[in-house]
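Structure file upload-v3.cif (mmCIF, C-alpha atoms) follows.
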data_query
#
loop_
_atom_site.label_atom_id
_atom_site.label_comp_id
_atom_site.auth_asym_id
_atom_site.auth_seq_id
_atom_site.Cartn_x
_atom_site.Cartn_y
_atom_site.Cartn_z
CA MET A 12 -39.10 -13.19 -50.45
CA GLN A 13 -41.98 -14.49 -52.53
CA THR A 14 -44.05 -17.31 -51.08
CA ILE A 15 -46.91 -19.56 -52.10
CA GLN A 16 -49.50 -21.34 -50.03
CA ILE A 17 -49.65 -25.13 -50.16
CA TYR A 18 -51.69 -27.74 -48.32
CA LEU A 19 -49.41 -29.92 -46.24
CA HIS A 20 -50.72 -33.37 -45.36
CA GLY A 21 -48.65 -35.87 -43.43
CA GLU A 22 -48.07 -39.06 -41.56
CA ASP A 23 -50.61 -39.74 -38.82
CA ALA A 24 -51.48 -36.04 -38.81
CA ARG A 25 -55.22 -35.54 -39.10
CA GLU A 26 -55.04 -31.80 -39.26
CA THR A 27 -53.97 -30.60 -42.69
CA LYS A 28 -51.90 -27.40 -42.63
CA LEU A 29 -52.21 -24.53 -45.06
CA VAL A 30 -48.65 -23.20 -45.04
CA GLU A 31 -46.56 -20.58 -46.84
CA VAL A 32 -43.33 -21.71 -48.47
CA PRO A 33 -40.78 -19.66 -50.41
CA THR A 34 -41.15 -20.00 -54.18
CA ASP A 35 -37.51 -21.12 -54.40
CA ALA A 36 -37.97 -23.88 -51.77
CA THR A 37 -36.87 -27.40 -52.61
CA ILE A 38 -38.76 -30.61 -51.86
CA THR A 39 -36.29 -31.12 -48.98
CA ASP A 40 -37.22 -27.68 -47.60
CA ILE A 41 -40.91 -28.61 -47.70
CA ILE A 42 -40.24 -31.91 -45.94
CA ASN A 43 -38.34 -30.01 -43.26
CA LYS A 44 -41.25 -27.59 -42.95
CA TYR A 45 -43.54 -30.58 -42.47
CA ARG A 46 -41.22 -31.97 -39.76
CA GLU A 47 -41.37 -28.65 -37.90
CA GLU A 48 -45.12 -28.16 -38.30
CA THR A 49 -46.01 -31.66 -37.12
CA ASN A 50 -43.35 -32.29 -34.47
CA MET A 51 -41.80 -34.98 -36.61
CA GLN A 52 -38.21 -33.84 -36.11
CA ALA A 53 -37.33 -37.30 -34.77
CA ALA A 54 -38.12 -38.81 -38.17
CA LYS A 55 -35.05 -38.90 -40.41
CA LEU A 56 -35.19 -36.63 -43.42
CA GLU A 57 -33.97 -39.36 -45.76
CA GLU A 58 -36.84 -41.63 -44.69
CA ILE A 59 -39.56 -39.14 -45.58
CA ASP A 60 -40.86 -38.77 -49.12
CA LEU A 61 -43.13 -36.15 -50.60
CA TYR A 62 -46.05 -37.14 -52.84
CA PHE A 63 -48.61 -35.25 -54.84
CA GLU A 64 -52.27 -36.01 -54.13
CA ASP A 65 -53.30 -39.45 -55.42
CA ASP A 66 -49.83 -39.90 -56.96
CA GLU A 67 -47.69 -42.91 -56.09
CA HIS A 68 -44.35 -41.52 -57.23
CA PRO A 69 -42.25 -39.66 -54.65
CA LYS A 70 -40.84 -36.34 -55.82
CA GLU A 71 -37.13 -35.79 -56.35
CA LYS A 72 -35.85 -34.11 -53.17
CA GLY A 73 -33.40 -31.82 -54.93
CA HIS A 74 -36.05 -30.30 -57.20
CA ASN A 75 -37.43 -26.89 -56.42
CA ILE A 76 -41.12 -25.98 -56.37
CA GLU A 77 -41.24 -24.85 -59.99
CA HIS A 78 -39.32 -27.87 -61.29
CA ALA A 79 -41.50 -30.24 -59.28
CA GLY A 80 -44.66 -28.57 -60.63
CA ILE A 81 -46.05 -27.36 -57.30
CA LYS A 82 -48.59 -24.61 -57.81
CA LYS A 83 -50.55 -22.35 -55.48
CA ARG A 84 -52.67 -24.34 -53.01
CA HIS A 85 -51.30 -27.63 -54.33
CA HIS A 86 -51.74 -30.63 -52.01
CA VAL A 87 -48.54 -32.41 -50.96
CA HIS A 88 -48.16 -35.33 -48.59
CA CYS A 89 -45.06 -36.20 -46.54
CA HIS A 90 -44.81 -39.75 -45.29
CA ARG A 91 -42.35 -42.52 -44.47
CA CYS A 92 -44.63 -45.26 -45.84
CA GLN A 93 -44.26 -45.67 -49.59
CA LYS A 94 -47.50 -47.65 -49.78
CA VAL A 95 -50.42 -48.14 -47.43
CA ALA A 96 -52.13 -51.52 -47.19
CA VAL A 97 -55.82 -50.75 -46.74
CA SER A 98 -57.94 -53.62 -45.49
CA ILE A 99 -61.59 -53.04 -46.37
CA GLU A 100 -64.45 -54.94 -44.80
CA TYR A 101 -67.78 -54.97 -46.63
CA ASN A 102 -70.70 -57.29 -45.89
CA GLY A 103 -68.41 -59.63 -43.94
CA GLN A 104 -65.85 -59.89 -46.74
CA VAL A 105 -62.37 -58.42 -46.47
CA LYS A 106 -60.20 -57.23 -49.37
CA ILE A 107 -56.86 -55.48 -49.28
CA ILE A 108 -55.79 -52.72 -51.62
CA SER A 109 -52.49 -50.89 -51.84
CA VAL A 110 -52.48 -47.12 -52.30
CA PRO A 111 -49.98 -44.28 -51.88
CA PRO A 112 -50.19 -42.37 -48.57
CA SER A 113 -51.47 -39.38 -50.54
CA ALA A 114 -54.56 -41.29 -51.75
CA THR A 115 -57.71 -39.26 -51.11
CA GLY A 116 -60.94 -40.61 -49.67
CA VAL A 117 -62.36 -40.42 -53.21
CA MET A 118 -59.57 -42.62 -54.60
CA VAL A 119 -59.82 -45.16 -51.75
CA LEU A 120 -63.62 -45.38 -52.13
CA LYS A 121 -63.34 -45.86 -55.91
CA LYS A 122 -60.72 -48.61 -55.56
CA SER A 123 -62.66 -50.29 -52.74
CA ALA A 124 -65.89 -50.28 -54.75
CA LYS A 125 -64.07 -51.76 -57.76
CA GLU A 126 -62.64 -54.57 -55.59
CA PHE A 127 -66.14 -55.51 -54.44
CA GLY A 128 -67.73 -55.16 -57.88
CA ILE A 129 -69.77 -52.10 -56.89
CA THR A 130 -70.50 -49.52 -59.57
CA GLU A 131 -69.22 -45.98 -59.11
CA LYS A 132 -72.82 -44.75 -58.97
CA ASP A 133 -73.78 -47.16 -56.20
CA ALA A 134 -70.56 -46.30 -54.37
CA SER A 135 -71.83 -42.75 -53.92
CA ASP A 136 -74.30 -44.15 -51.36
CA LEU A 137 -71.48 -45.78 -49.39
CA LEU A 138 -68.96 -44.40 -46.97
CA LEU A 139 -65.69 -45.56 -45.46
CA LYS A 140 -65.29 -45.60 -41.72
CA LEU A 141 -61.98 -45.28 -39.93
CA PRO A 142 -61.02 -47.53 -37.00
CA ASN A 143 -62.20 -44.86 -34.50
CA GLY A 144 -65.64 -44.65 -36.17
CA ASP A 145 -65.05 -41.35 -37.98
CA VAL A 146 -65.86 -41.07 -41.66
CA LEU A 147 -62.98 -40.96 -44.14
CA GLN A 148 -63.97 -37.76 -45.93
CA LYS A 149 -63.54 -37.35 -49.68
CA THR A 150 -60.73 -34.83 -49.24
CA ASP A 151 -58.83 -36.72 -46.50
CA HIS A 152 -55.52 -38.39 -47.33
CA ILE A 153 -55.27 -41.98 -46.11
CA GLY A 154 -51.69 -41.43 -44.89
CA SER A 155 -53.01 -38.92 -42.35
CA PHE A 156 -54.41 -41.86 -40.39
CA VAL A 157 -51.45 -44.22 -40.82
CA SER A 158 -48.24 -44.40 -38.83
CA TYR A 159 -44.82 -45.75 -39.76
CA PRO A 160 -43.62 -48.53 -39.80
CA HIS A 161 -47.07 -50.19 -39.78
CA CYS A 162 -48.22 -48.65 -43.06
CA GLU A 163 -51.62 -50.29 -42.84
CA ILE A 164 -55.18 -49.46 -41.85
CA LYS A 165 -58.54 -51.21 -41.56
CA LEU A 166 -61.64 -49.53 -42.97
CA LEU A 167 -65.31 -50.46 -42.96
CA LEU A 168 -67.28 -49.90 -46.15
CA ILE A 169 -70.89 -49.29 -45.18
CA HIS A 170 -74.14 -47.90 -46.55
CA ASN A 171 -75.19 -44.40 -45.59
CA LYS A 172 -77.58 -44.93 -42.72
CA GLN A 173 -81.04 -43.42 -42.59
CA ILE A 174 -81.41 -41.00 -39.70
CA GLN A 175 -84.30 -42.32 -37.63
CA GLY A 176 -85.61 -42.10 -34.12
CA MET B 28 -65.85 -9.59 -31.68
CA ARG B 29 -68.06 -12.27 -30.19
CA PRO B 30 -66.14 -15.44 -29.25
CA ASP B 31 -68.43 -17.65 -31.37
CA MET B 32 -67.79 -15.49 -34.44
CA GLN B 33 -64.07 -15.46 -33.71
CA ILE B 34 -63.98 -19.28 -33.60
CA PHE B 35 -66.02 -19.52 -36.78
CA ASN B 36 -63.71 -17.09 -38.59
CA LYS B 37 -60.71 -19.15 -37.49
CA HIS B 38 -62.34 -22.38 -38.67
CA VAL B 39 -63.15 -21.03 -42.13
CA GLU B 40 -59.51 -20.00 -42.52
CA ASP B 41 -58.35 -23.51 -41.58
CA ALA B 42 -57.33 -26.01 -44.25
CA GLU B 43 -60.39 -28.23 -43.87
CA PHE B 44 -62.84 -25.49 -44.89
CA GLN B 45 -60.47 -24.01 -47.49
CA ILE B 46 -59.99 -27.40 -49.22
CA GLY B 47 -63.76 -27.70 -49.66
CA LEU B 48 -63.86 -24.14 -50.97
CA ASP B 49 -61.03 -24.79 -53.45
CA ASN B 50 -62.74 -27.98 -54.62
CA GLY B 51 -66.04 -26.19 -55.23
CA MET B 52 -67.77 -28.24 -52.54
CA TRP B 53 -69.00 -25.27 -50.47
CA GLY B 54 -68.54 -21.59 -49.76
CA ILE B 55 -70.01 -18.73 -47.80
CA SER B 56 -72.86 -17.21 -49.81
CA ASP B 57 -72.32 -13.66 -48.56
CA ASP B 58 -68.74 -13.58 -47.39
CA ASN B 59 -68.74 -10.16 -45.75
CA PRO B 60 -65.82 -10.27 -43.27
CA GLU B 61 -67.81 -8.07 -40.88
CA ARG B 62 -70.43 -10.81 -40.60
CA PRO B 63 -73.27 -8.26 -40.22
CA THR B 64 -75.93 -10.99 -39.96
CA TRP B 65 -74.19 -12.96 -37.19
CA PRO B 66 -75.10 -15.49 -35.76
CA TYR B 67 -76.79 -16.24 -39.10
CA ILE B 68 -74.45 -17.22 -41.94
CA THR B 69 -75.57 -18.61 -45.29
CA ILE B 70 -73.35 -21.31 -46.78
CA TRP B 71 -73.83 -22.97 -50.16
CA VAL B 72 -73.15 -26.64 -50.78
CA GLN B 73 -72.59 -28.14 -54.23
CA ALA B 74 -75.06 -30.80 -55.37
CA ALA B 75 -74.80 -33.43 -58.11
CA ALA B 76 -76.54 -32.73 -61.41
CA LYS B 77 -80.24 -33.58 -61.21
CA LEU B 78 -83.15 -32.70 -63.45
CA ASN B 79 -85.06 -29.61 -62.26
CA ALA B 80 -82.77 -29.16 -59.28
CA PRO B 81 -80.10 -26.53 -58.58
CA ASN B 82 -76.40 -27.35 -58.65
CA ILE B 83 -75.96 -25.67 -55.29
CA TYR B 84 -78.18 -25.35 -52.24
CA HIS B 85 -77.87 -22.51 -49.78
CA PHE B 86 -78.27 -23.21 -46.08
CA ARG B 87 -78.79 -20.59 -43.45
CA PHE B 88 -76.87 -21.57 -40.36
CA ASP B 89 -77.62 -20.28 -36.90
CA LEU B 90 -74.18 -20.35 -35.28
CA ASN B 91 -75.08 -18.89 -31.93
CA GLY B 92 -72.61 -20.27 -29.39
CA TYR B 93 -70.44 -21.98 -32.07
CA SER B 94 -68.63 -24.32 -31.68
CA ALA B 95 -69.43 -25.15 -28.06
CA ILE B 96 -73.06 -25.38 -29.16
CA ALA B 97 -74.05 -27.26 -32.32
CA PRO B 98 -75.16 -25.28 -35.38
CA THR B 99 -78.63 -25.57 -36.83
CA ALA B 100 -79.44 -25.00 -40.49
CA CYS B 101 -82.21 -25.05 -43.06
CA PRO B 102 -82.32 -24.68 -46.85
CA TRP B 103 -82.45 -21.01 -47.76
CA ASP B 104 -83.60 -18.95 -50.74
CA VAL B 105 -81.00 -16.21 -51.11
CA THR B 106 -83.12 -14.25 -53.61
CA THR B 107 -86.06 -13.79 -51.22
CA ASN B 108 -83.91 -14.14 -48.08
CA LYS B 109 -86.42 -16.58 -46.73
CA ARG B 110 -86.55 -20.26 -45.94
CA LEU B 111 -86.68 -22.42 -49.09
CA PRO B 112 -90.27 -23.56 -49.75
CA ASP B 113 -90.85 -27.15 -48.63
CA ASN B 114 -91.35 -28.49 -52.16
CA LEU B 115 -87.89 -27.25 -53.17
CA TRP B 116 -85.96 -28.93 -50.34
CA PRO B 117 -83.53 -31.64 -51.50
CA SER B 118 -85.12 -35.07 -51.66
CA GLY B 119 -84.12 -38.69 -52.04
CA LYS B 120 -85.61 -42.15 -51.98
CA ASN B 121 -84.06 -43.24 -48.74
CA PHE B 122 -81.58 -41.57 -46.40
CA VAL B 123 -81.56 -38.12 -48.03
CA SER B 124 -85.23 -37.48 -47.32
CA SER B 125 -84.75 -38.63 -43.75
CA VAL B 126 -82.60 -35.51 -43.19
CA PHE B 127 -84.53 -32.92 -45.26
CA ARG B 128 -87.89 -33.12 -43.51
CA PRO B 129 -89.66 -29.76 -43.38
CA SER B 130 -92.74 -31.55 -42.03
CA TRP B 131 -90.71 -32.36 -38.91
CA ASN B 132 -89.23 -28.88 -38.50
CA PRO B 133 -89.09 -26.29 -41.29
CA ASN B 134 -86.17 -24.49 -39.62
CA ALA B 135 -83.71 -27.35 -39.08
CA LEU B 136 -82.31 -30.55 -40.53
CA TYR B 137 -83.00 -33.94 -39.01
CA ALA B 138 -79.34 -34.67 -38.35
CA PRO B 139 -77.17 -35.63 -35.38
CA CYS B 140 -75.01 -32.55 -35.96
CA ASP B 141 -78.00 -30.16 -35.88
CA ARG B 142 -78.78 -28.46 -32.57
CA LEU B 143 -82.57 -28.57 -32.91
CA ALA B 144 -82.59 -32.21 -33.97
CA MET B 145 -80.16 -33.31 -31.26
CA ALA B 146 -82.65 -32.30 -28.56
CA GLY B 147 -84.67 -35.35 -27.71
CA HIS B 148 -82.49 -37.71 -29.74
CA GLY B 149 -79.86 -38.69 -27.19
CA ASP B 150 -79.75 -42.21 -28.67
CA TRP B 151 -78.11 -40.74 -31.79
CA GLN B 152 -75.00 -40.23 -29.71
CA THR B 153 -74.42 -43.99 -29.86
CA ARG B 154 -76.10 -44.66 -33.21
CA HIS B 155 -74.33 -41.87 -35.12
CA PRO B 156 -71.33 -40.96 -32.93
CA GLU B 157 -69.35 -39.64 -35.90
CA LEU B 158 -72.06 -37.03 -36.55
CA TRP B 159 -73.12 -36.23 -33.00
CA TRP B 160 -71.87 -32.65 -32.62
CA GLN B 161 -68.90 -32.14 -30.30
CA PRO B 162 -67.54 -28.73 -29.24
CA THR B 163 -64.26 -29.73 -30.96
CA PHE B 164 -66.01 -30.09 -34.33
CA LYS B 165 -65.58 -27.53 -37.06
CA ILE B 166 -68.23 -26.40 -39.52
CA ASP B 167 -66.73 -28.59 -42.29
CA LYS B 168 -68.02 -31.67 -40.42
CA TYR B 169 -71.62 -30.51 -41.03
CA LEU B 170 -70.75 -29.48 -44.59
CA HIS B 171 -69.13 -32.81 -45.49
CA PHE B 172 -72.31 -34.50 -44.26
CA LEU B 173 -74.51 -32.30 -46.47
CA HIS B 174 -72.18 -32.66 -49.44
CA ARG B 175 -72.25 -36.45 -49.14
CA LEU B 176 -76.08 -36.44 -49.15
CA LEU B 177 -76.32 -34.07 -52.12
CA ASN B 178 -73.89 -36.13 -54.17
CA SER B 179 -75.36 -39.57 -53.49
CA SER B 180 -77.28 -41.63 -56.02
CA ASP B 181 -80.12 -41.63 -53.48
CA TYR B 182 -80.42 -37.88 -54.13
CA VAL B 183 -79.76 -38.01 -57.89
CA ASP B 184 -82.18 -40.85 -58.67
CA SER B 185 -85.21 -39.55 -56.77
#
Hey, can you dump this file as structure tokens for me?
Amino acid sequence: MQTIQIYLHGEDARETKLVEVPTDATITDIINKYREETNMQAAKLEEIDLYFEDDEHPKEKGHNIEHAGIKKRHHVHCHRCQKVAVSIEYNGQVKIISVPPSATGVMVLKKSAKEFGITEKDASDLLLKLPNGDVLQKTDHIGSFVSYPHCEIKLLLIHNKQIQG
Amino acid sequence: MRPDMQIFNKHVEDAEFQIGLDNGMWGISDDNPERPTWPYITIWVQAAAKLNAPNIYHFRFDLNGYSAIAPTACPWDVTTNKRLPDNLWPSGKNFVSSVFRPSWNPNALYAPCDRLAMAGHGDWQTRHPELWWQPTFKIDKYLHFLHRLLNSSDYVDS
């Protein structure tokens, strides 16, 4: 049986998995793999959708890997939230943006900066902090920090601090 | 195999490190699986385009006791296999130069995830908790930090 490696991101699952799936697997098979890998068996299959990175359209569950366009080391995200409401606080102001669960830290930072009228260049000196104080890294998927049915998260947009002391 | 090397090898196989590798953000400069130079491993980190500056910097990490003990690193010249001369260290106008400070210590970075810098800077644990090295951290935490610095406008515009 031929297999390919894919990155599997998922709902409220901070640790991304690099998994092997058969080349003839369907989207449903991948979702089931995600349920096994992340102890999400209690979540109903029909409630979970699979998204490509930074893409807001869920993939057709009956399609196989080739038909869906999944390539080696492709990033896929399985989540029950179709959209995530991201509340961003910057300089005392709060704005809310809506992104797919597969939105990367790069995409969320770009959209946040745009909302606050910050140029892309200036945004490279900013970072987004998660509710627990960790940094939302460029390669993180926002859905990995969001649970269903809440489908929302609060982030702080702050300047990179000088290390002093 | 030493336990610290075993943990490091596991961490570089994990998705977090591999994603950075696939995205061209970092990689191991001399990826000999035998790790003959252990506990010293040189890792490159991609940097934004800047006049008269390289597009990657190499860092020699001392990973002795990883990951229970924090790593320490300094910019490295892989052609001479020596520390990068002070004048070639990455620089910025503000926060970047606060980390790359050879005048403070030519063998380490002034960062809350760097073993040599952590000593004597206990207050960083509350000021920079997200960077203060924990035994549960993986090497990508340090690398994301470096990558962010080397791709900031603070670095590019200096």
Requested in this report: Return the neighbours of chain B among the residues of chain A, cut-off 10 Å, counting all atoms listed in the file, as number ranges by chain.
Outcome: A: 17-20, 26-30, 84, 86, 131-138, 140, 143-146, 148-151, 170-176
Query raised in the report: Could you name the residues that touch segment 62-66 of chain B at 9 Å or less, counting all atoms listed in the file, but leaving out those on the same chain fewer than 6 positions away, as an MDAnalysis selection string?
Result: chainID B and resid 31:32 88:93
Could the residues in this selection be written to a file with C-alpha atoms, as a tab-separated table (two decimals), in the coordinates of the input?
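What ended up in selection14.tsv:
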chain	number	residue	atom	x	y	z
B	31	ASP	CA	-68.43	-17.65	-31.37
B	32	MET	CA	-67.79	-15.49	-34.44
B	88	PHE	CA	-76.87	-21.57	-40.36
B	89	ASP	CA	-77.62	-20.28	-36.90
B	90	LEU	CA	-74.18	-20.35	-35.28
B	91	ASN	CA	-75.08	-18.89	-31.93
B	92	GLY	CA	-72.61	-20.27	-29.39
B	93	TYR	CA	-70.44	-21.98	-32.07
Evaluate the PyMOL selection byres ((chain A and resi 58) around 12) against this structure - the residues, as a JSON list (two decimals) with C-alpha atoms, in the coordinates of the input, please.
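Saved as out.json:
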[["chain", "number", "residue", "atom", "x", "y", "z"],
["A", 22, "GLU", "CA", -48.07, -39.06, -41.56],
["A", 39, "THR", "CA", -36.29, -31.12, -48.98],
["A", 42, "ILE", "CA", -40.24, -31.91, -45.94],
["A", 43, "ASN", "CA", -38.34, -30.01, -43.26],
["A", 46, "ARG", "CA", -41.22, -31.97, -39.76],
["A", 51, "MET", "CA", -41.80, -34.98, -36.61],
["A", 52, "GLN", "CA", -38.21, -33.84, -36.11],
["A", 53, "ALA", "CA", -37.33, -37.30, -34.77],
["A", 54, "ALA", "CA", -38.12, -38.81, -38.17],
["A", 55, "LYS", "CA", -35.05, -38.90, -40.41],
["A", 56, "LEU", "CA", -35.19, -36.63, -43.42],
["A", 57, "GLU", "CA", -33.97, -39.36, -45.76],
["A", 59, "ILE", "CA", -39.56, -39.14, -45.58],
["A", 60, "ASP", "CA", -40.86, -38.77, -49.12],
["A", 61, "LEU", "CA", -43.13, -36.15, -50.60],
["A", 69, "PRO", "CA", -42.25, -39.66, -54.65],
["A", 72, "LYS", "CA", -35.85, -34.11, -53.17],
["A", 89, "CYS", "CA", -45.06, -36.20, -46.54],
["A", 90, "HIS", "CA", -44.81, -39.75, -45.29],
["A", 91, "ARG", "CA", -42.35, -42.52, -44.47],
["A", 92, "CYS", "CA", -44.63, -45.26, -45.84],
["A", 93, "GLN", "CA", -44.26, -45.67, -49.59],
["A", 159, "TYR", "CA", -44.82, -45.75, -39.76],
["A", 160, "PRO", "CA", -43.62, -48.53, -39.80]]
Report task. Give me the residues within 10 Å of Leu115 of chain B as a PyMOL selection string, counting all atoms listed in the file and dropping any in the same chain fewer than 3 places off. Result -> chain B and resi 79-81+84+102-104+111-112+118
Report summary line: Students should find that atom CA of Glu67 of chain A and atom CA of Val119 of chain A are spaced 13.1 Å
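Coordinates place atom CA of Val39 of chain B at a distance of 12.3 Å from atom CA of Phe164 of chain B.
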Report as lines of an AutoDock Vina configuration file the centre and the edge lengths, in Å to one decimal, of the axis-aligned box holding every listed atom of segment 58-70 of chain B, padded by 6 Å on each side.
center_x = -71.3
center_y = -14.7
center_z = -41.6
size_x = 23.0
size_y = 25.2
size_z = 23.6
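Nearest residue to Thr163 of chain B among B:Ala75, B:Ile34, B:Ile70, B:Ile83 is B:Ile34, counting only C-alpha atoms.
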Report task. Could you expand the PyMOL selection byres ((chain A and resi 103) around 12) into the explicit residues it covers here, written as a PyMOL selection string? Result -> chain A and resi 99-102+104-106+127+167-169
